[in-house]
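What follows is query.cif (mmCIF, C-alpha atoms and all ligand atoms).
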```cif
data_upload
#
loop_
_atom_site.label_atom_id
_atom_site.label_comp_id
_atom_site.auth_asym_id
_atom_site.auth_seq_id
_atom_site.Cartn_x
_atom_site.Cartn_y
_atom_site.Cartn_z
CA MET A 212 -19.02 -22.22 -55.90
CA ILE A 213 -18.63 -25.02 -53.34
CA ASP A 214 -18.32 -23.43 -49.88
CA SER A 215 -18.84 -24.32 -46.22
CA GLY A 216 -22.63 -24.26 -46.74
CA HIS A 217 -22.36 -27.19 -49.17
CA ASP A 218 -22.91 -30.53 -47.49
CA ARG A 219 -22.62 -33.97 -49.13
CA SER A 220 -24.22 -36.95 -47.45
CA SER A 221 -25.97 -40.15 -48.44
CA LEU A 222 -29.22 -41.92 -47.73
CA HIS A 223 -28.67 -45.63 -47.07
CA ILE A 224 -31.25 -47.96 -48.64
CA ALA A 225 -29.88 -51.52 -48.32
CA THR A 226 -26.89 -53.81 -48.72
CA LEU A 227 -27.18 -55.52 -52.11
CA ALA A 228 -26.65 -59.27 -52.66
CA SER A 229 -23.08 -58.60 -53.78
CA GLY A 230 -22.33 -56.78 -50.52
CA MET A 231 -22.34 -53.38 -52.24
CA ASP A 232 -24.04 -50.55 -50.41
CA LEU A 233 -27.05 -49.02 -52.16
CA SER A 234 -27.33 -45.43 -51.05
CA LEU A 235 -28.56 -42.24 -52.66
CA PRO A 236 -26.39 -39.11 -52.79
CA VAL A 237 -27.85 -36.10 -50.98
CA LEU A 238 -26.59 -32.60 -51.78
CA THR A 239 -27.62 -29.91 -49.32
CA ILE A 240 -26.81 -26.21 -49.41
CA HIS A 241 -27.43 -24.50 -46.08
CA GLY A 242 -28.19 -20.87 -46.83
CA ALA A 243 -26.78 -17.94 -44.88
CA ARG A 244 -30.27 -16.68 -44.03
CA LYS A 245 -33.54 -18.26 -42.83
CA GLY A 246 -35.98 -19.37 -45.47
CA PRO A 247 -37.86 -22.33 -46.96
CA VAL A 248 -36.58 -25.87 -47.53
CA VAL A 249 -36.71 -26.56 -51.26
CA GLY A 250 -36.30 -30.13 -52.53
CA ILE A 251 -35.23 -31.08 -56.06
CA SER A 252 -35.09 -34.67 -57.32
CA ALA A 253 -33.80 -36.24 -60.55
CA ALA A 254 -33.26 -39.68 -62.10
CA ILE A 255 -36.32 -41.22 -60.46
CA HIS A 256 -36.33 -42.78 -63.92
CA GLY A 257 -32.74 -43.85 -64.62
CA ASP A 258 -32.90 -43.18 -68.37
CA GLU A 259 -33.70 -39.49 -67.78
CA ILE A 260 -30.39 -37.76 -67.11
CA VAL A 261 -31.06 -34.09 -67.95
CA GLY A 262 -32.11 -33.42 -64.36
CA VAL A 263 -28.89 -34.91 -63.02
CA GLN A 264 -26.94 -32.37 -65.05
CA VAL A 265 -29.23 -29.50 -64.03
CA ILE A 266 -28.63 -30.37 -60.35
CA ARG A 267 -24.87 -30.59 -60.96
CA ASP A 268 -24.90 -27.05 -62.37
CA LEU A 269 -27.03 -25.73 -59.49
CA TRP A 270 -24.75 -27.42 -56.92
CA ARG A 271 -21.62 -25.87 -58.44
CA SER A 272 -23.00 -22.41 -59.14
CA LEU A 273 -25.15 -21.55 -56.10
CA THR A 274 -23.46 -20.13 -53.01
CA ALA A 275 -24.64 -20.36 -49.41
CA ALA A 276 -24.41 -16.57 -49.17
CA GLU A 277 -27.10 -16.02 -51.82
CA ILE A 278 -29.52 -18.60 -50.38
CA ALA A 279 -32.24 -18.09 -47.79
CA GLY A 280 -33.22 -21.45 -46.32
CA THR A 281 -32.03 -24.91 -47.30
CA LEU A 282 -31.76 -26.46 -50.74
CA MET A 283 -31.90 -30.26 -50.58
CA MET A 284 -31.14 -32.04 -53.84
CA MET A 285 -31.41 -35.75 -54.67
CA PRO A 286 -29.65 -35.99 -58.06
CA LEU A 287 -29.79 -39.79 -58.39
CA CYS A 288 -32.95 -41.29 -56.91
CA ASN A 289 -32.57 -44.68 -58.58
CA PRO A 290 -28.83 -45.53 -59.06
CA LEU A 291 -29.48 -49.07 -60.33
CA SER A 292 -31.79 -47.91 -63.10
CA PHE A 293 -29.32 -45.10 -63.93
CA GLU A 294 -26.51 -47.64 -64.37
CA ALA A 295 -28.68 -49.71 -66.69
CA LEU A 296 -30.13 -46.63 -68.41
CA SER A 297 -33.55 -48.10 -67.80
CA ARG A 298 -36.83 -46.60 -66.63
CA ASN A 299 -37.43 -49.41 -64.15
CA THR A 300 -35.19 -50.80 -61.39
CA PRO A 301 -33.42 -53.81 -62.98
CA LEU A 302 -33.52 -55.91 -59.76
CA ASP A 303 -37.30 -56.03 -59.37
CA MET A 304 -38.42 -54.37 -62.64
CA LEU A 305 -40.62 -51.87 -60.79
CA ASP A 306 -41.12 -48.25 -61.84
CA LEU A 307 -40.01 -46.18 -58.82
CA ASN A 308 -42.45 -43.43 -59.77
CA ARG A 309 -45.43 -45.77 -59.37
CA THR A 310 -44.50 -47.02 -55.88
CA PHE A 311 -44.71 -43.89 -53.67
CA PRO A 312 -45.11 -43.51 -50.73
CA GLY A 313 -43.43 -46.91 -50.65
CA SER A 314 -42.92 -49.44 -47.90
CA ASP A 315 -39.97 -50.60 -45.82
CA GLU A 316 -41.31 -54.15 -46.06
CA GLY A 317 -41.69 -54.35 -49.85
CA TRP A 318 -39.53 -54.86 -52.92
CA LEU A 319 -36.26 -52.94 -53.20
CA THR A 320 -37.96 -50.20 -55.25
CA ASP A 321 -40.68 -49.84 -52.55
CA ARG A 322 -37.86 -49.35 -50.03
CA ILE A 323 -36.27 -46.60 -52.15
CA SER A 324 -39.59 -44.72 -52.39
CA HIS A 325 -40.18 -45.23 -48.66
CA ALA A 326 -36.76 -43.74 -47.83
CA LEU A 327 -37.38 -40.80 -50.18
CA SER A 328 -40.85 -40.23 -48.68
CA THR A 329 -39.74 -40.29 -45.06
CA LYS A 330 -36.25 -38.73 -45.31
CA PHE A 331 -36.72 -36.21 -48.11
CA LEU A 332 -40.30 -35.46 -49.23
CA SER A 333 -41.56 -35.09 -45.65
CA HIS A 334 -38.92 -32.44 -44.81
CA ILE A 335 -39.38 -29.94 -47.63
CA ASP A 336 -41.62 -26.89 -48.18
CA TYR A 337 -41.40 -26.84 -52.00
CA TYR A 338 -40.83 -29.74 -54.39
CA ILE A 339 -39.41 -29.81 -57.92
CA ASP A 340 -39.11 -33.21 -59.64
CA ILE A 341 -37.18 -33.26 -62.91
CA HIS A 342 -37.98 -35.84 -65.59
CA ALA A 343 -37.08 -36.13 -69.29
CA GLY A 344 -38.19 -37.97 -72.42
CA GLY A 345 -35.96 -40.99 -71.74
CA THR A 346 -33.60 -42.69 -74.18
CA PHE A 347 -35.54 -41.93 -77.38
CA PRO A 348 -38.27 -39.26 -77.03
CA VAL A 349 -37.69 -35.51 -76.58
CA VAL A 350 -40.15 -33.73 -74.30
CA ASP A 351 -40.85 -30.16 -73.18
CA TYR A 352 -43.62 -29.30 -70.71
CA CYS A 353 -44.29 -28.87 -67.03
CA TYR A 354 -47.00 -30.20 -64.70
CA SER A 355 -48.94 -27.58 -62.79
CA VAL A 356 -49.90 -29.82 -59.85
CA ASN A 357 -51.18 -27.51 -57.10
CA ASP A 358 -49.46 -24.11 -57.33
CA GLU A 359 -49.72 -22.46 -60.73
CA ARG A 360 -47.52 -19.47 -59.83
CA PHE A 361 -44.70 -21.83 -58.88
CA ALA A 362 -45.20 -23.96 -62.02
CA ARG A 363 -45.31 -20.93 -64.32
CA ALA A 364 -41.97 -19.78 -62.86
CA PHE A 365 -40.31 -22.66 -64.72
CA LEU A 366 -41.15 -20.61 -67.84
CA SER A 367 -41.97 -23.53 -70.14
CA GLU A 368 -44.42 -22.69 -72.91
CA LEU A 369 -46.67 -25.67 -72.10
CA LEU A 370 -48.21 -26.31 -68.70
CA TYR A 371 -50.31 -29.38 -68.02
CA ARG A 372 -53.01 -29.33 -65.37
CA PRO A 373 -53.70 -33.04 -64.81
CA ARG A 374 -57.17 -34.01 -63.56
CA GLN A 375 -55.40 -36.74 -61.67
CA MET A 376 -51.79 -37.88 -61.38
CA TYR A 377 -50.63 -41.42 -62.11
CA PRO A 378 -50.95 -43.44 -58.88
CA GLY A 379 -47.76 -43.78 -56.85
CA VAL A 380 -45.84 -40.73 -58.11
CA SER A 381 -43.50 -38.82 -55.78
CA ALA A 382 -45.40 -35.60 -56.54
CA ALA A 383 -48.54 -37.07 -54.91
CA VAL A 384 -46.67 -37.34 -51.59
CA THR A 385 -45.93 -33.61 -51.46
CA ARG A 386 -49.26 -32.64 -53.04
CA ASP A 387 -51.02 -34.56 -50.26
CA ARG A 388 -48.90 -32.63 -47.74
CA GLY A 389 -50.20 -29.44 -49.37
CA ILE A 390 -46.80 -28.09 -50.41
CA PRO A 391 -46.17 -26.48 -53.81
CA THR A 392 -45.20 -29.24 -56.23
CA VAL A 393 -44.01 -29.06 -59.84
CA VAL A 394 -42.97 -31.89 -62.16
CA ILE A 395 -40.73 -30.84 -65.04
CA GLU A 396 -40.45 -32.81 -68.28
CA LEU A 397 -37.41 -31.56 -70.18
CA GLY A 398 -35.26 -32.82 -73.05
CA GLY A 399 -34.05 -36.39 -73.47
CA GLY A 400 -33.74 -38.40 -76.66
CA TYR A 401 -31.20 -38.32 -79.48
CA ILE A 402 -30.52 -34.60 -79.50
CA ALA A 403 -27.91 -32.25 -77.98
CA GLN A 404 -28.98 -31.47 -74.41
CA ALA A 405 -26.94 -28.32 -73.65
CA GLU A 406 -29.83 -25.95 -74.39
CA TYR A 407 -32.21 -27.93 -72.15
CA ILE A 408 -29.70 -28.05 -69.30
CA ALA A 409 -29.03 -24.30 -69.52
CA ARG A 410 -32.75 -23.55 -69.64
CA GLY A 411 -33.42 -25.92 -66.74
CA VAL A 412 -30.84 -24.19 -64.54
CA ARG A 413 -32.01 -20.69 -65.46
CA SER A 414 -35.69 -21.58 -64.92
CA ILE A 415 -35.14 -23.39 -61.62
CA ARG A 416 -33.25 -20.33 -60.35
CA ASN A 417 -36.41 -18.40 -61.23
CA MET A 418 -38.50 -20.92 -59.26
CA LEU A 419 -36.13 -20.46 -56.29
CA ARG A 420 -36.87 -16.71 -56.50
CA ALA A 421 -40.61 -17.52 -56.53
CA ALA A 422 -40.09 -19.67 -53.42
CA GLY A 423 -38.27 -16.84 -51.64
CA MET A 424 -34.95 -18.68 -51.59
CA LEU A 425 -33.09 -16.39 -53.99
CA GLU A 426 -33.41 -12.63 -54.18
CA GLY A 427 -34.64 -10.80 -57.25
CA GLU A 428 -37.66 -10.30 -59.41
CA VAL A 429 -39.53 -13.43 -60.54
CA GLU A 430 -39.44 -13.55 -64.33
CA THR A 431 -42.76 -14.31 -66.06
CA ARG A 432 -43.63 -15.68 -69.48
CA PRO A 433 -46.89 -14.26 -70.84
CA GLY A 434 -48.75 -16.47 -73.32
CA GLN A 435 -47.99 -19.80 -71.64
CA ILE A 436 -50.50 -22.46 -72.68
CA ALA A 437 -52.33 -24.45 -69.99
CA LEU A 438 -53.35 -27.88 -71.29
CA HIS A 439 -56.14 -29.90 -69.72
CA GLU A 440 -55.94 -32.86 -72.05
CA LEU A 441 -52.89 -34.81 -73.16
CA ASN A 442 -52.95 -37.83 -75.44
CA VAL A 443 -50.10 -40.36 -75.34
CA ILE A 444 -49.80 -41.90 -78.80
CA ARG A 445 -48.71 -45.49 -78.21
CA PRO A 446 -48.23 -47.81 -81.21
CA LYS A 447 -50.09 -51.11 -81.23
CA ASN A 448 -47.08 -52.72 -82.93
CA GLY A 449 -43.35 -52.57 -82.32
CA GLY A 450 -40.58 -52.17 -84.85
CA LEU A 451 -38.70 -49.17 -86.18
CA CYS A 452 -40.45 -45.83 -85.80
CA TYR A 453 -39.76 -43.53 -88.79
CA PRO A 454 -40.84 -39.94 -88.03
CA ALA A 455 -42.79 -38.32 -90.87
CA GLY A 456 -41.43 -34.83 -90.24
CA ASP A 457 -40.20 -32.39 -87.62
CA HIS A 458 -42.97 -32.43 -85.01
CA ARG A 459 -41.00 -30.88 -82.15
CA PRO A 460 -42.72 -29.79 -78.90
CA GLY A 461 -44.68 -26.56 -79.29
CA THR A 462 -45.56 -27.06 -82.97
CA GLU A 463 -49.26 -27.12 -83.95
CA TRP A 464 -50.89 -29.60 -86.34
CA PRO A 465 -54.41 -30.38 -87.63
CA ARG A 466 -56.24 -33.69 -87.12
CA GLY A 467 -54.84 -36.66 -89.00
CA THR A 468 -51.32 -35.27 -89.45
CA LYS A 469 -49.00 -38.22 -90.03
CA LEU A 470 -46.42 -38.35 -87.24
CA ALA A 471 -44.63 -41.61 -87.98
CA GLU A 472 -44.72 -45.01 -89.65
CA ILE A 473 -43.97 -48.19 -87.74
CA VAL A 474 -41.96 -50.56 -89.91
CA SER A 475 -41.96 -54.32 -89.28
CA MET A 476 -38.60 -55.93 -88.64
CA LYS A 477 -39.82 -59.08 -90.40
CA THR A 478 -40.93 -57.54 -93.68
CA PHE A 479 -39.38 -54.02 -93.56
CA GLU A 480 -42.83 -52.80 -94.66
CA PRO A 481 -44.94 -50.20 -92.79
CA ILE A 482 -47.51 -51.88 -90.53
CA GLU A 483 -48.95 -48.88 -88.71
CA VAL A 484 -49.28 -45.12 -89.11
CA LEU A 485 -49.37 -42.79 -86.10
CA GLU A 486 -51.48 -39.63 -86.52
CA THR A 487 -52.59 -36.62 -84.49
CA PRO A 488 -55.91 -37.33 -82.70
CA PHE A 489 -57.44 -33.88 -82.04
CA ASP A 490 -58.82 -31.18 -84.38
CA ARG A 491 -56.06 -28.86 -83.11
CA ASN A 492 -52.94 -30.52 -81.70
CA ILE A 493 -49.84 -29.13 -80.04
CA MET A 494 -46.83 -31.41 -79.74
CA VAL A 495 -45.58 -32.17 -76.24
CA LEU A 496 -43.24 -35.16 -76.85
CA HIS A 497 -41.79 -36.44 -80.11
CA ARG A 498 -39.21 -38.72 -81.68
CA ASN A 499 -36.93 -36.75 -83.97
CA CYS A 500 -35.14 -39.66 -85.66
CA VAL A 501 -35.54 -43.36 -86.40
CA THR A 502 -35.83 -45.30 -83.15
CA ARG A 503 -36.77 -48.75 -81.94
CA VAL A 504 -40.30 -48.72 -80.57
CA ASN A 505 -42.13 -51.34 -78.51
CA PRO A 506 -45.90 -51.91 -78.58
CA GLY A 507 -47.40 -49.53 -75.99
CA ASP A 508 -44.32 -47.24 -75.78
CA TYR A 509 -44.49 -43.50 -75.41
CA ALA A 510 -44.02 -42.66 -79.10
CA PHE A 511 -45.54 -39.14 -79.19
CA MET A 512 -47.64 -36.96 -76.90
CA VAL A 513 -49.97 -34.18 -78.01
CA GLY A 514 -52.11 -31.65 -76.19
CA ASN A 515 -55.65 -30.68 -77.22
CA LEU A 516 -55.57 -26.98 -78.11
CA ALA A 517 -59.39 -26.80 -78.27
CA THR A 518 -59.64 -27.26 -74.49
CA ALA A 519 -56.42 -25.35 -73.69
CA GLU A 520 -56.15 -21.90 -72.21
CA ARG A 521 -53.65 -19.22 -73.20
CA LEU A 522 -52.55 -17.48 -69.99
CA ALA A 523 -52.01 -13.74 -69.67
ZN ZN B 1 -39.73 -39.80 -65.78
#
```
Give the structure from the file, written as structure tokens.
Amino acid sequence: MIDSGHDRSSLHIATLASGMDLSLPVLTIHGARKGPVVGISAAIHGDEIVGVQVIRDLWRSLTAAEIAGTLMMMPLCNPLSFEALSRNTPLDMLDLNRTFPGSDEGWLTDRISHALSTKFLSHIDYYIDIHAGGTFPVVDYCYSVNDERFARAFLSELLYRPRQMYPGVSAAVTRDRGIPTVVIELGGGYIAQAEYIARGVRSIRNMLRAAGMLEGEVETRPGQIALHELNVIRPKNGGLCYPAGDHRPGTEWPRGTKLAEIVSMKTFEPIEVLETPFDRNIMVLHRNCVTRVNPGDYAFMVGNLATAERLA
């Protein structure tokens, strides 16, 4: 319920060539009691809109009275890429999540990451960044960056403990500050999203309990799988990607399982077959229907179950 603790503001980035103001919406809920500052971001990649909807639900359902501390939410970190439904910022073609901590003397995207670093990521005690599979793939896992208890509270079956993050991600800014940081990869693609949104809201409420912002017992999920090794299966060739079956996240497959055929748009004949790479694979990201694929795209992602750990 929107109440007097709910505060809408905006973070100015720049005046665009057209004279339009580029600013990011900021949604803050000031809790009735003292507590941590929790930050949640979404749409750092503009083609990943599940997180926007999760934040909308949190904004409308949480009350100031039930919150200890301050919840600061950035539902739309890259408005230009959201408008274009594109991963990268259309004006300079940069990937916002490779430019952190950014610069106020760089390209427009560098300026967005600089503003987020200095006005948002530097003010929070916990950080949750919500991503999705994008326009075509469906994804379901969660990065355990530096605080496994906090990451496990999202309750996804698959946790990924990366040896290193991609350079320039927002999560590296808060990790380097030593604050608990979790990156969520949830939903996306050509599939109904209601279940992912509902699960995202329920699980983030559980994370807010783990952070001490909401009251109540922290729910746990025994049997979560911690992955150390992920393989992104990127086709060498573009065309149409025809999935070879239902390889949804969480399903297990042996080595050499056919995931998809890439069909040439010149000949309509298959020119490449995508297969599982490990002896024991668990799906992390898939394409559930025929989609356009570019060479080098995220087509599928699998985890190596041989080096994974099932958690108590
Ligand atoms: Zn993303």
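Closest approach to Val412 (chain A) among A:Ile395, A:Val384, A:Trp464, A:Arg503 is made by A:Ile395 (distances from all atoms listed in the file).
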For this session: Extract, using all atoms listed in the file, all DNA, RNA and protein residues at most 7 Å from region 452-457 of chain A, discarding same-chain residues fewer than 5 positions from it, and format them as a PyMOL selection string.
Result: chain A and resi 469-474+498-504
Using C-alpha atoms, can you write the selected residues to a file as a PDB file, in the coordinates of the input?
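Generated file (part-v4.pdb):
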```pdb
ATOM      1  CA  LYS A 469     -49.000 -38.220 -90.030  1.00  0.00           C
ATOM      2  CA  LEU A 470     -46.420 -38.350 -87.240  1.00  0.00           C
ATOM      3  CA  ALA A 471     -44.630 -41.610 -87.980  1.00  0.00           C
ATOM      4  CA  GLU A 472     -44.720 -45.010 -89.650  1.00  0.00           C
ATOM      5  CA  ILE A 473     -43.970 -48.190 -87.740  1.00  0.00           C
ATOM      6  CA  VAL A 474     -41.960 -50.560 -89.910  1.00  0.00           C
ATOM      7  CA  ARG A 498     -39.210 -38.720 -81.680  1.00  0.00           C
ATOM      8  CA  ASN A 499     -36.930 -36.750 -83.970  1.00  0.00           C
ATOM      9  CA  CYS A 500     -35.140 -39.660 -85.660  1.00  0.00           C
ATOM     10  CA  VAL A 501     -35.540 -43.360 -86.400  1.00  0.00           C
ATOM     11  CA  THR A 502     -35.830 -45.300 -83.150  1.00  0.00           C
ATOM     12  CA  ARG A 503     -36.770 -48.750 -81.940  1.00  0.00           C
ATOM     13  CA  VAL A 504     -40.300 -48.720 -80.570  1.00  0.00           C
TER      14      VAL A 504
END
```
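Minimum atom-to-atom distances from A:Asp340, A:Glu430, A:Glu277, A:Asp387 to ligand ZN 1 (chain B) were compared using all atoms listed in the file, and the lowest value belongs to A:Asp340.
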Residues at most 9 Å from ligand ZN 1 (chain B), using only C-alpha atoms and all ligand atoms? Could they come as an mmCIF file with C-alpha atoms, in the coordinates of the input?
```cif
data_model
loop_
_atom_site.group_PDB
_atom_site.id
_atom_site.type_symbol
_atom_site.label_atom_id
_atom_site.label_comp_id
_atom_site.auth_asym_id
_atom_site.auth_seq_id
_atom_site.Cartn_x
_atom_site.Cartn_y
_atom_site.Cartn_z
ATOM 1 C CA ALA A 253 -33.800 -36.240 -60.550
ATOM 2 C CA ALA A 254 -33.260 -39.680 -62.100
ATOM 3 C CA ILE A 255 -36.320 -41.220 -60.460
ATOM 4 C CA HIS A 256 -36.330 -42.780 -63.920
ATOM 5 C CA GLY A 257 -32.740 -43.850 -64.620
ATOM 6 C CA ASP A 258 -32.900 -43.180 -68.370
ATOM 7 C CA GLU A 259 -33.700 -39.490 -67.780
ATOM 8 C CA ARG A 298 -36.830 -46.600 -66.630
ATOM 9 C CA ASN A 308 -42.450 -43.430 -59.770
ATOM 10 C CA ILE A 341 -37.180 -33.260 -62.910
ATOM 11 C CA HIS A 342 -37.980 -35.840 -65.590
ATOM 12 C CA ALA A 343 -37.080 -36.130 -69.290
ATOM 13 C CA GLY A 344 -38.190 -37.970 -72.420
ATOM 14 C CA GLY A 345 -35.960 -40.990 -71.740
ATOM 15 C CA GLU A 396 -40.450 -32.810 -68.280
#
```
For this session: Quick one: pull the distance between CA of Leu332 (chain A) and CA of Ala422 (chain A), Å, one decimal.
Result: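 Interatomic distance, CA of Leu332 (chain A) to CA of Ala422 (chain A): 16.3 Å.
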Exercise. Which residue, A:Thr478, A:Asn442, A:Ser221, A:Thr385, has the smallest gap to Ser333 (chain A) when you use all atoms listed in the file?
Worked result: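 Of A:Thr478, A:Asn442, A:Ser221, A:Thr385, the one nearest Ser333 (chain A) is A:Thr385, counting all atoms listed in the file.
Computed from the coordinates, the CA of Lys477 (chain A) to CA of Asp508 (chain A) distance equals 19.3 Å.
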